[in-house]
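Chemist: Let me begin by handing over the structure; questions about it come next.
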Amino acid sequence: MDTRYPAEVEQFRAEVRAVLAEELPPGWPGTGALGDAAAVREFVTGWRRTLHRRGLLGVAWPVEHGGRGLTTLHQVVLVEELTRAGVPFGVQPQDSTGFKMLGNTLLRYGTEAQKAAILPGLLSGEQIWCQGFSEPNAGSDLAAAGTRARLVDGEWHIDGQKIWTSGAHRSTGIFVLARTEPEAAKHRGLSFLLVPLDQPGVEVRPIRHMTGGEDFCEVFFTDARCPADAIVGRPGDGWKVASTLLTYERGEEAATNPILFAAELDRLVELARRRGLADDPTVRRRLAYFRARVEVMRFLGYRILSDVLAGGELGAASSVSKLYWSEYHREVTQLALDIEGLDGLVLVGKGPSRPLRTDDPGADPESTTSWWEVSLNARAGTVYAGTSEVQRNILAERVLGLPREPAA
């Protein structure tokens with residue numbers, strides 16, 4: 001495999017580095033080194049405005065929708081450079097669900113009116129969208145969603161409940177997988193609806209989790225409404241649209257995730273040195289094992305990226321990537337807790353800047369709060385965006401052709 005990038009992509013890399021040199025203060029240590037959560041929020045919000053102002057959001061989107069008409073490889077280079085500089089690409093999780101997932105899905109399935117109404121707002125940050133898929137009785141079995149929608153006098157009327165909805169209390173809209181054809185087979189009776197949250201028929205209740213945060217929410221719909229044309233695809237196409245969206249969630253970062261994980265592993269090595277364990281044979285063996293796994297992850301990312309650039313679909317490869325990085329992260333953060341030992345029970349230092357995956361570059365290796373909360377997030381990583389069990393079933397049934405798991 002030739003991992004060199006074309007000349008025009010390297011020219012774009014030079015542009016990104018010039019922007020970083022102009023916009024960041026000298027000696028910038030990374031977002032993770034900022035003093036407290038309030039300082040991180042203030043910087044991240046301002047930094048997103050900077051990216052928008054400098055034309056570095058949606059670079060692979062068509063020019064007519066606010067992008068620059070560049071390629072997926074340009075997008076990868078952008079995230080590579082932002083990650084190495086210790087600055088975020090967007091605001092998590094809002095930009096993950098809205099910008100990355102919904103935006104790319106609308107580019108594929110949305111009407112021109114939907115693109116014009118939503119895409120510019122996603123880029124500017126004026127519109128924030130969350131994902132309304134999981135339900136109390138339909139988590140991993142997403143096709144069993146029971147939220148109903150009826151078309152009455154030019155409007156969809158929606159009743160039901162969604163749960164584990166990241167960032168709903170900070171969002172302006174929610175894309176909802178709802179059952180519009182109750183008599184159809186469960187995969188064929190679903191539709192993908194764009195629902196505004198600021199209306200009397202929607203109630204959002206944040207869920208406080210064990211680390212004290214409120215990233216997730218319950219969302220209740222009681223005769224909530226959206227226009228008849230606020231449907232992506234045709235009625236009954238919801239499963240197809242949602243499946244495409246989930247590949248963006250699970251696989252788009254395959255080529256850039258390894259950069260974050262490599263930086264985190266460097267921080268873990270530094271922790272081992274400071275604790276006097278860098279020469280311990282068991283610790284050294286485990287660190288070497290994880291270094292090898294990060295390298296495997298990097299080349300897996302290159303392979304997936306090459307397939308996409310050649311015109312292929314993420315498809316099952318997104319399941320491979322998601323399964324690999326989530327289980328790696330669960331194991332490597334356990335090593336961090338093992339290195340800290342009993343000291344890790346006393347939480348000192350600032351918590352992680354990012355709610356998902358690793359802490360930001362520049363975080364203090366000695367922050368027990370950071371390692372503890374990241375380790376909890378790592379365990380959640382094997383659940384959200386499709387559990388490890390679901391990913392294995394997808395690969396077994398759709399790639400290897402093994403018999404389907406017996407239904408309950």
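Residue numbering restarts at 1 for every chain of the structure tokens, chains are lettered A, B, ... in their displayed order, and ligands are numbered from 1 as they appear.
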Mind checking DSSP for range 91-285 of chain A and telling me the strand (DSSP E) residues as an MDAnalysis selection string?

Modeler: chainID A and resid 129:132 148:152 155:162 173:179 190:196 202:207 216:227 231:232

Chemist: Based on DSSP run over this structure's backbone, return all residues of range 152-332 of chain A in helix (DSSP H, G or I), as a ChimeraX atom specification.

Modeler: /A:168-170,238-255,257-274,281-309,315-332
